[in-house]
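Colleague: Supplied structure: work.cif, mmCIF, C-alpha atoms and all ligand atoms.
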```
data_entry
#
loop_
_atom_site.label_atom_id
_atom_site.label_comp_id
_atom_site.auth_asym_id
_atom_site.auth_seq_id
_atom_site.Cartn_x
_atom_site.Cartn_y
_atom_site.Cartn_z
CA MET A 1 109.32 95.74 -7.34
CA ILE A 2 108.87 98.38 -4.68
CA ILE A 3 111.64 98.26 -2.11
CA LEU A 4 112.08 100.12 1.14
CA GLY A 5 115.69 100.69 2.18
CA ILE A 6 116.84 101.60 5.68
CA GLU A 7 120.18 103.31 6.26
CA SER A 8 121.67 103.20 9.76
CA THR A 9 125.45 102.81 9.84
CA ALA A 10 126.59 106.17 11.21
CA HIS A 11 125.16 109.66 11.68
CA THR A 12 122.24 109.28 9.25
CA PHE A 13 118.98 107.44 9.67
CA GLY A 14 117.32 107.21 6.27
CA VAL A 15 114.35 105.55 4.61
CA GLY A 16 114.30 105.35 0.82
CA ILE A 17 111.61 103.84 -1.37
CA ILE A 18 112.36 102.84 -4.95
CA GLU A 19 110.66 101.18 -7.86
CA ALA A 20 113.17 98.77 -9.41
CA THR A 21 112.88 96.84 -12.66
CA GLY A 22 115.13 94.65 -14.81
CA ASN A 23 117.10 91.45 -14.55
CA VAL A 24 119.76 91.71 -11.82
CA SER A 25 122.33 90.04 -14.07
CA LYS A 26 121.64 92.39 -17.00
CA PRO A 27 122.78 95.88 -15.94
CA ASN A 28 121.81 97.51 -19.24
CA GLU A 29 118.13 96.62 -18.74
CA GLN A 30 117.82 97.79 -15.16
CA SER A 31 116.07 100.87 -13.92
CA CYS A 32 115.78 102.48 -10.52
CA LYS A 33 113.13 105.10 -9.88
CA ILE A 34 113.43 106.86 -6.55
CA LEU A 35 109.99 107.48 -5.05
CA ALA A 36 111.16 108.85 -1.70
CA ASN A 37 114.43 109.36 0.12
CA GLU A 38 113.88 110.85 3.56
CA LYS A 39 116.52 111.12 6.25
CA ASP A 40 117.47 112.70 9.53
CA SER A 41 121.11 113.07 10.52
CA TYR A 42 122.71 113.40 13.93
CA THR A 43 124.85 116.52 14.20
CA SER A 44 126.77 118.08 17.05
CA GLU A 45 128.32 121.49 17.63
CA ASP A 46 131.35 120.43 19.62
CA VAL A 47 131.96 116.69 19.63
CA GLY A 48 132.01 114.05 16.91
CA MET A 49 129.89 110.92 16.76
CA ILE A 50 129.01 109.44 20.14
CA PRO A 51 127.50 106.01 19.34
CA ASN A 52 124.92 105.95 22.16
CA GLU A 53 123.70 109.43 21.30
CA ILE A 54 123.33 108.37 17.68
CA VAL A 55 121.35 105.29 18.69
CA ASP A 56 118.97 107.51 20.70
CA HIS A 57 118.73 109.87 17.74
CA HIS A 58 117.92 107.09 15.26
CA ASN A 59 115.37 105.43 17.55
CA GLY A 60 113.76 108.82 18.06
CA VAL A 61 113.40 109.71 14.38
CA ALA A 62 112.77 106.29 12.78
CA GLU A 63 108.95 106.35 12.70
CA ILE A 64 108.90 110.02 11.66
CA VAL A 65 111.30 109.41 8.77
CA LEU A 66 109.31 106.33 7.72
CA THR A 67 106.00 108.22 7.75
CA LYS A 68 107.50 111.02 5.66
CA ALA A 69 108.90 108.52 3.14
CA LEU A 70 105.62 106.62 2.72
CA LYS A 71 103.77 109.92 2.34
CA LYS A 72 106.27 111.22 -0.22
CA ALA A 73 106.03 107.99 -2.22
CA ASN A 74 102.27 108.06 -1.77
CA LEU A 75 102.27 104.38 -0.80
CA GLY A 76 101.13 102.17 2.03
CA TRP A 77 102.96 99.14 3.44
CA ASP A 78 100.81 96.84 1.29
CA LYS A 79 102.72 98.01 -1.80
CA ILE A 80 106.20 97.34 -0.37
CA ASP A 81 107.69 94.05 -1.68
CA LEU A 82 110.73 93.84 0.57
CA ILE A 83 112.85 95.70 3.08
CA ALA A 84 116.61 96.14 2.71
CA TYR A 85 118.75 97.48 5.55
CA SER A 86 122.41 98.43 5.90
CA ALA A 87 124.05 95.56 7.80
CA GLY A 88 127.58 97.02 7.76
CA PRO A 89 130.18 98.32 7.82
CA GLY A 90 129.47 100.91 10.47
CA LEU A 91 129.30 101.69 14.17
CA ASP A 92 128.29 98.50 15.97
CA PRO A 93 125.51 99.89 18.24
CA VAL A 94 124.13 102.03 15.42
CA LEU A 95 123.96 99.00 13.09
CA TRP A 96 122.10 97.04 15.75
CA ALA A 97 119.65 99.89 16.23
CA GLY A 98 118.98 99.93 12.48
CA TYR A 99 118.65 96.15 12.37
CA HIS A 100 116.12 96.07 15.22
CA ILE A 101 114.03 98.77 13.55
CA ALA A 102 114.17 96.93 10.20
CA LYS A 103 113.28 93.61 11.84
CA GLU A 104 110.35 95.12 13.71
CA TRP A 105 108.94 96.70 10.56
CA ALA A 106 109.49 93.48 8.60
CA GLN A 107 107.69 91.37 11.22
CA ARG A 108 104.88 93.85 11.69
CA HIS A 109 104.18 94.01 7.95
CA GLU A 110 105.33 90.49 6.99
CA LYS A 111 108.09 91.50 4.60
CA LYS A 112 111.29 89.74 3.55
CA LEU A 113 114.42 91.35 4.99
CA VAL A 114 117.63 91.74 2.95
CA PRO A 115 120.90 92.74 4.67
CA VAL A 116 122.95 95.01 2.44
CA ASN A 117 126.57 96.14 2.37
CA HIS A 118 126.63 99.92 2.78
CA CYS A 119 129.78 100.40 0.66
CA ALA A 120 128.43 98.30 -2.21
CA ALA A 121 125.21 100.36 -2.02
CA HIS A 122 127.18 103.60 -2.54
CA LEU A 123 128.82 102.04 -5.61
CA SER A 124 125.64 100.57 -7.09
CA ILE A 125 123.59 103.75 -6.85
CA GLY A 126 126.46 105.72 -8.41
CA LYS A 127 126.55 103.28 -11.31
CA ILE A 128 122.82 103.11 -12.05
CA ILE A 129 122.24 106.85 -11.72
CA ASN A 130 125.03 107.58 -14.21
CA LYS A 131 124.25 104.57 -16.43
CA ALA A 132 127.97 103.73 -16.26
CA GLN A 133 129.22 100.47 -17.77
CA ASP A 134 132.39 99.34 -16.01
CA PRO A 135 133.86 102.16 -13.94
CA VAL A 136 136.69 102.62 -11.49
CA TYR A 137 135.02 103.69 -8.24
CA LEU A 138 136.54 106.21 -5.88
CA TYR A 139 134.69 105.83 -2.60
CA VAL A 140 135.44 108.64 -0.17
CA SER A 141 133.11 108.90 2.81
CA GLY A 142 133.54 109.53 6.52
CA VAL A 143 135.01 106.15 7.36
CA ASN A 144 136.04 104.80 3.95
CA THR A 145 138.58 105.84 1.37
CA GLN A 146 138.97 103.15 -1.27
CA ILE A 147 139.64 102.70 -4.97
CA ILE A 148 137.47 99.82 -6.19
CA VAL A 149 136.85 97.95 -9.44
CA PHE A 150 134.43 95.15 -10.29
CA ASP A 151 136.38 92.19 -11.62
CA GLY A 152 135.69 88.46 -11.86
CA GLY A 153 132.19 88.78 -10.38
CA LYS A 154 133.10 90.78 -7.28
CA TYR A 155 134.39 94.09 -6.06
CA ARG A 156 138.15 94.38 -5.60
CA VAL A 157 139.72 97.08 -3.48
CA ILE A 158 142.86 98.06 -5.39
CA GLY A 159 143.90 100.96 -3.20
CA GLU A 160 142.83 102.38 0.14
CA THR A 161 143.72 104.47 3.14
CA LEU A 162 146.21 102.85 5.47
CA ASP A 163 144.75 104.65 8.48
CA ILE A 164 141.64 106.86 8.62
CA GLY A 165 139.07 107.77 5.99
CA LEU A 166 139.43 111.22 4.43
CA GLY A 167 136.02 112.40 5.67
CA ASN A 168 136.87 111.45 9.26
CA MET A 169 140.22 113.14 8.91
CA LEU A 170 138.59 116.37 7.71
CA ASP A 171 136.02 116.10 10.52
CA LYS A 172 138.78 115.64 13.11
CA PHE A 173 140.64 118.67 11.81
CA GLY A 174 137.37 120.61 11.73
CA ARG A 175 136.70 119.72 15.34
CA TYR A 176 140.16 121.00 16.18
CA LEU A 177 139.24 124.31 14.51
CA ASN A 178 135.85 124.35 16.30
CA LEU A 179 133.93 124.05 13.06
CA GLY A 180 131.37 121.56 14.47
CA PHE A 181 130.52 118.18 12.98
CA PRO A 182 130.57 117.24 10.14
CA ALA A 183 133.17 119.73 8.98
CA GLY A 184 133.91 118.88 5.32
CA SER A 185 131.75 121.58 3.79
CA LYS A 186 132.99 124.22 6.26
CA ILE A 187 136.59 123.32 5.42
CA GLU A 188 135.69 123.72 1.76
CA GLU A 189 134.31 127.21 2.47
CA LEU A 190 137.39 128.30 4.45
CA SER A 191 139.74 126.85 1.81
CA LYS A 192 138.53 129.46 -0.69
CA LYS A 193 140.36 132.16 1.28
CA GLY A 194 143.54 130.14 1.84
CA LYS A 195 146.92 129.78 0.19
CA TYR A 196 149.23 126.79 -0.05
CA VAL A 197 151.36 125.64 2.88
CA GLU A 198 153.57 122.64 2.22
CA LEU A 199 152.39 119.38 3.80
CA SER A 200 153.65 115.80 3.46
CA TYR A 201 152.31 113.96 0.43
CA ILE A 202 151.84 110.33 1.43
CA VAL A 203 151.23 107.81 -1.35
CA LYS A 204 152.47 104.24 -0.97
CA GLY A 205 151.90 102.31 -4.18
CA MET A 206 148.11 102.37 -4.60
CA ASP A 207 147.50 103.23 -0.94
CA ILE A 208 147.41 106.55 0.85
CA SER A 209 147.72 107.72 4.43
CA PHE A 210 146.14 110.76 6.08
CA SER A 211 146.83 110.66 9.81
CA GLY A 212 150.34 112.18 9.57
CA ILE A 213 148.96 115.07 7.53
CA LEU A 214 146.30 115.65 10.17
CA THR A 215 148.90 115.77 12.96
CA LYS A 216 151.05 118.18 10.95
CA CYS A 217 148.11 120.53 10.33
CA GLN A 218 147.22 120.50 14.02
CA GLN A 219 150.82 121.33 14.95
CA LEU A 220 151.09 124.18 12.43
CA TYR A 221 147.84 125.66 13.74
CA GLU A 222 148.77 125.24 17.38
CA ARG A 223 152.14 126.94 16.82
CA LYS A 224 150.40 129.73 14.90
CA GLN A 225 152.56 128.92 11.86
CA ALA A 226 149.59 128.79 9.51
CA SER A 227 146.04 130.15 9.50
CA ALA A 228 142.92 127.99 9.50
CA GLU A 229 142.15 129.15 5.94
CA ASP A 230 145.63 128.24 4.65
CA LEU A 231 145.48 124.83 6.31
CA CYS A 232 142.00 124.10 4.96
CA PHE A 233 143.20 124.98 1.46
CA SER A 234 146.40 122.94 1.81
CA ILE A 235 144.83 119.88 3.40
CA GLN A 236 142.35 119.74 0.49
CA GLU A 237 144.95 120.32 -2.24
CA THR A 238 147.29 117.71 -0.78
CA CYS A 239 144.82 114.94 0.04
CA PHE A 240 142.77 115.38 -3.14
CA ALA A 241 145.96 115.33 -5.23
CA MET A 242 147.10 112.12 -3.54
CA LEU A 243 143.78 110.46 -4.40
CA THR A 244 143.78 111.85 -7.93
CA GLU A 245 147.22 110.33 -8.45
CA VAL A 246 146.26 106.82 -7.33
CA VAL A 247 142.98 106.91 -9.22
CA GLU A 248 144.81 107.96 -12.37
CA ARG A 249 147.07 104.94 -11.91
CA ALA A 250 144.02 102.72 -11.41
CA ILE A 251 142.49 103.98 -14.67
CA ALA A 252 145.78 103.52 -16.52
CA ASN A 253 146.38 100.00 -15.23
CA THR A 254 142.85 98.66 -15.61
CA ASP A 255 142.20 100.37 -18.94
CA LYS A 256 138.74 101.39 -17.75
CA LYS A 257 137.17 104.46 -19.31
CA GLU A 258 134.94 105.72 -16.50
CA LEU A 259 135.44 107.03 -12.99
CA ILE A 260 132.65 107.41 -10.44
CA LEU A 261 133.19 109.39 -7.27
CA VAL A 262 130.90 108.25 -4.45
CA GLY A 263 130.62 109.07 -0.73
CA GLY A 264 130.03 112.32 1.11
CA VAL A 265 133.43 113.91 0.36
CA GLY A 266 132.31 113.78 -3.28
CA ALA A 267 130.25 116.89 -2.50
CA ASN A 268 133.50 118.90 -2.61
CA LYS A 269 133.69 120.98 -5.80
CA ARG A 270 137.47 121.31 -5.81
CA PHE A 271 137.86 117.54 -5.49
CA CYS A 272 135.51 116.99 -8.45
CA GLU A 273 137.39 119.60 -10.47
CA MET A 274 140.75 117.84 -9.96
CA LEU A 275 139.31 114.45 -10.91
CA ARG A 276 137.47 115.87 -13.91
CA ILE A 277 140.68 117.41 -15.29
CA MET A 278 142.59 114.15 -14.80
CA CYS A 279 139.83 112.15 -16.55
CA ARG A 280 139.64 114.63 -19.43
CA ASP A 281 143.39 114.23 -20.02
CA ARG A 282 142.91 110.44 -20.14
CA ASP A 283 139.78 110.42 -22.29
CA ALA A 284 137.85 108.88 -19.44
CA LYS A 285 134.36 109.93 -18.35
CA PHE A 286 134.04 111.42 -14.90
CA TYR A 287 130.80 110.87 -12.99
CA SER A 288 129.88 112.21 -9.63
CA VAL A 289 126.67 111.48 -7.79
CA PRO A 290 124.03 114.19 -7.19
CA MET A 291 124.19 115.65 -3.68
CA ASP A 292 121.03 113.92 -2.46
CA LEU A 293 122.44 110.50 -3.41
CA ALA A 294 126.13 111.11 -2.60
CA GLY A 295 125.87 110.85 1.18
CA ASP A 296 124.23 108.18 3.29
CA GLN A 297 120.54 107.60 2.52
CA GLY A 298 118.02 104.80 2.18
CA ALA A 299 117.44 104.77 -1.61
CA MET A 300 120.89 103.31 -2.25
CA ILE A 301 120.21 100.60 0.33
CA ALA A 302 116.92 99.79 -1.41
CA TRP A 303 118.63 99.54 -4.82
CA GLU A 304 121.43 97.34 -3.49
CA GLY A 305 118.74 95.20 -1.82
CA TYR A 306 117.11 94.73 -5.22
CA LEU A 307 120.40 93.61 -6.78
CA ARG A 308 121.10 91.15 -3.92
CA LYS A 309 117.58 89.88 -3.26
CA ASP A 310 118.21 86.46 -4.81
CA SER A 311 121.38 85.67 -2.85
CA VAL A 312 120.69 86.93 0.65
CA PRO A 313 123.57 86.36 3.10
CA GLU A 314 122.79 84.98 6.52
CA MET A 315 123.63 87.79 8.87
CA GLU A 316 122.25 90.33 11.27
CA VAL A 317 124.97 93.00 11.30
CA ASN A 318 128.69 93.02 10.54
CA PRO A 319 130.53 96.22 11.55
CA HIS A 320 133.64 95.28 9.52
CA TRP A 321 131.97 94.03 6.33
CA ARG A 322 134.09 95.21 3.39
CA ALA A 323 132.90 95.71 -0.19
CA ASP A 324 135.33 93.03 -1.38
CA GLU A 325 133.73 90.50 0.99
CA VAL A 326 130.29 90.84 -0.64
P1 LIG A 401 129.26 109.88 4.21
O1 LIG A 401 129.96 109.07 5.28
O2 LIG A 401 129.35 109.27 2.85
O3 LIG A 401 127.87 110.31 4.59
O4 LIG A 401 130.08 111.24 4.10
C1 LIG A 401 130.22 112.10 5.20
C2 LIG A 401 131.55 112.81 5.11
O5 LIG A 401 131.58 113.70 3.98
C3 LIG A 401 131.82 113.65 6.34
O6 LIG A 401 133.09 113.29 6.84
C4 LIG A 401 131.81 115.07 5.82
O7 LIG A 401 132.69 115.95 6.49
C5 LIG A 401 132.23 114.88 4.37
N1 LIG A 401 131.83 115.99 3.51
C6 LIG A 401 130.57 116.45 3.31
N2 LIG A 401 130.60 117.53 2.49
C7 LIG A 401 131.90 117.76 2.18
C8 LIG A 401 132.58 118.73 1.39
N3 LIG A 401 131.93 119.71 0.75
N4 LIG A 401 133.92 118.65 1.30
C9 LIG A 401 134.60 117.67 1.95
N5 LIG A 401 134.02 116.73 2.71
C10 LIG A 401 132.68 116.78 2.83
MG MG A 402 128.44 106.18 3.64
#
```
Do you think you could lay out the structure here as structure tokens?
Modeller:
Amino acid sequence: MIILGIESTAHTFGVGIIEATGNVSKPNEQSCKILANEKDSYTSEDVGMIPNEIVDHHNGVAEIVLTKALKKANLGWDKIDLIAYSAGPGLDPVLWAGYHIAKEWAQRHEKKLVPVNHCAAHLSIGKIINKAQDPVYLYVSGVNTQIIVFDGGKYRVIGETLDIGLGNMLDKFGRYLNLGFPAGSKIEELSKKGKYVELSYIVKGMDISFSGILTKCQQLYERKQASAEDLCFSIQETCFAMLTEVVERAIANTDKKELILVGGVGANKRFCEMLRIMCRDRDAKFYSVPMDLAGDQGAMIAWEGYLRKDSVPEMEVNPHWRADEV
């Protein structure tokens, strides 16, 4: 099957086209070939994500991104079997914008429409790309920070942030330092010149919390008690260590032998290094997702659409749709 996937939950508008084969209930026989994965992301120098501006951005780029994707895949609409779109979780107006675009394209070209959970799509693409069997997932994006396993036919969130997602936290701190948005990669650059400043380490059972650490970093910077470089280094060391600790506990308790890191924060090399060392010590395999598939994009939506095509939920969008509700 050829599937076109549309991503529109936050800053990125993406169109991915994949060729998918295999029985959806037999993971070992499945294959996902990515034919195109075009996207255009909203960025801003000074502020974060303003929903209405993102809606305008996505509406403005949709047809351009689509045209690029079809050209890259060297296909016309006649070859597309179905359209999958990200129905949530995400920013409400941005989800609606994506839904209306998807619906229009589906009606215009008479295609079936499959609403897809964005979080589950991150997990599924990480699994198929790495040919993993039964991993623990660490999902760290802008909004989400969750430790997830697949058990009894559905995803279970076994640990998560009690307040904000790590990516959003890094972006908020970056905005404070005038690094622009998104700030994760700039924080990673600055961290290379920093040294450790003690911050709170907040782990509660399998859950973690970041907002207190953010406030502390802002205070230390404001009072000139620590440099931007030192705080970037320390915020990374502290938050990544907290997550490495809970993920290690997840691996120990579930007896799983694989870890997959998904979501945009997975682009961070230091984060991957910490997790890789922990996995090596536990004889577990560590998988990350290549840069072009780690962040938000349409190919993962297309693949998740393939896996869910036979049990399509009745919905338009759901801004609070969790992976464990799929
Ligand atoms: P996503 O929501 O999955 O697209 O991920 C976006 C988030 O990833 C944003 O909050 C970025 O700041 C963050 N991010 C991207 N690159 C890096 C990096 N190298 N280190 C840390 N965070 C990053
Ligand atoms: Mg995402």
Colleague: I'd like to know which of A:Leu243, A:Val326, A:Leu35, A:Val24 is closest to Ile80 in chain A, using all atoms listed in the file.
Modeller: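 So, comparing all the options, the nearest one is A:Leu35.
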Colleague: What's around Cys32 in chain A at 8 Å? Count only C-alpha atoms, leave out sequence neighbours fewer than 6 positions away in its own chain, and write the answer as a ChimeraX atom specification.
Modeller: /A:18-21,128-129,303
Colleague: List the neighbours of Leu275 in chain A out to 8 Å using only C-alpha atoms; skip same-chain residues closer than 3 positions along the sequence, and give me the result as a list in words.
Modeller: Thr244, Phe271, Cys272, Met278, Cys279 and Phe286 of chain A
Colleague: Find the residues near ligand MG 402 (chain A). Use a cut-off of 6 Å, count all atoms listed in the file, and write them as a list in words.
Modeller: Ser141, Gly263, Gly295 and Asp296 of chain A
Colleague: If I take CA of Lys127 in chain A and CA of Val289 in chain A, how far is one from the other in Å, to one decimal?
Modeller: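 Answer for the CA of Lys127 in chain A to CA of Val289 in chain A separation: 8.9 Å.
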Colleague: Grab me every residue within 7 Å of ligand LIG 401 (chain A), counting only C-alpha atoms and all ligand atoms, and send it over as a ChimeraX atom specification.
Modeller: /A:140-143,167-168,170-171,182-185,187-188,263-269,294-296
Colleague: Which is closest to Ile83 in chain A among A:Gly305, A:Gly98, A:Gly22, A:Gly180, if we use all atoms listed in the file?
Modeller: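 Using all atoms listed in the file, the shortest distance to Ile83 in chain A belongs to A:Gly305.
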Colleague: If you take every atom of range 243-258 of chain A that the file lists and fit an axis-aligned box around them with 3 Å extra on each side, what centre and edge lengths come out in Å to one decimal, as lines of an AutoDock Vina configuration file?
Modeller:
```
center_x = 141.1
center_y = 105.3
center_z = -11.9
size_x = 18.3
size_y = 19.2
size_z = 20.9
```
Colleague: If I put a ball of radius 12 Å at (145.7, 121.2, 17.9) in the file's coordinates, which residues poke into it when counting all atoms listed in the file, written as number ranges by chain?
Modeller: A: 172-178, 214-226, 228
Colleague: If we count all atoms listed in the file and set the cut-off at 9 Å, which residues sit around Ser191 in chain A, ignoring sequence neighbours fewer than 5 positions away in its own chain? Please answer as a ChimeraX atom specification.
Modeller: /A:186,228-236
Colleague: Please list as number ranges by chain every residue within 8 Å of Ile147 in chain A, counting all atoms listed in the file and excluding residues in the same chain fewer than 4 positions away.
Modeller: A: 136-139, 157-160, 247, 250
Colleague: Got time to write the residues from that selection, C-alpha atoms, as a PDB file, in the frame of the given file?
Modeller:
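This is the output file selection.pdb:
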```pdb
ATOM      1  CA  VAL A 136     136.690 102.620 -11.490  1.00  0.00           C
ATOM      2  CA  TYR A 137     135.020 103.690  -8.240  1.00  0.00           C
ATOM      3  CA  LEU A 138     136.540 106.210  -5.880  1.00  0.00           C
ATOM      4  CA  TYR A 139     134.690 105.830  -2.600  1.00  0.00           C
ATOM      5  CA  VAL A 157     139.720  97.080  -3.480  1.00  0.00           C
ATOM      6  CA  ILE A 158     142.860  98.060  -5.390  1.00  0.00           C
ATOM      7  CA  GLY A 159     143.900 100.960  -3.200  1.00  0.00           C
ATOM      8  CA  GLU A 160     142.830 102.380   0.140  1.00  0.00           C
ATOM      9  CA  VAL A 247     142.980 106.910  -9.220  1.00  0.00           C
ATOM     10  CA  ALA A 250     144.020 102.720 -11.410  1.00  0.00           C
TER      11      ALA A 250
END
```
Colleague: How many Å separate CA of Ala121 in chain A from CA of Lys72 in chain A?
Modeller: 21.9 Å
Colleague: Kindly indicate which residue among A:Ile125, A:Cys119, A:Leu91, A:Ile54 lies nearest to Ala302 in chain A, using all atoms listed in the file for the distances.
Modeller: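 Among the listed residues, A:Ile125 lies closest to Ala302 in chain A.
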Colleague: Show me the residues around (121.0, 89.2, 10.4) - criterion: an atom at most 8 Å away, only C-alpha atoms counted - as an MDAnalysis selection string.
Modeller: chainID A and resid 87 99 115 314:317
Colleague: Could you work out how far CA of Lys256 in chain A lies from CA of Asp134 in chain A, giving the answer in Å with one decimal?
Modeller: 6.9 Å
Colleague: Go through A:Arg270, A:Phe181, A:Trp96, A:Ile17 and flag the residue nearest Asn74 in chain A, using only C-alpha atoms for the distances.
Modeller: A:Ile17
Colleague: So, counting only C-alpha atoms, which residue among A:Val55, A:Cys239, A:Leu179, A:Ile34 is closest to Tyr201 in chain A?
Modeller: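 Ranked by minimum distance to Tyr201 in chain A, first place goes to A:Cys239.
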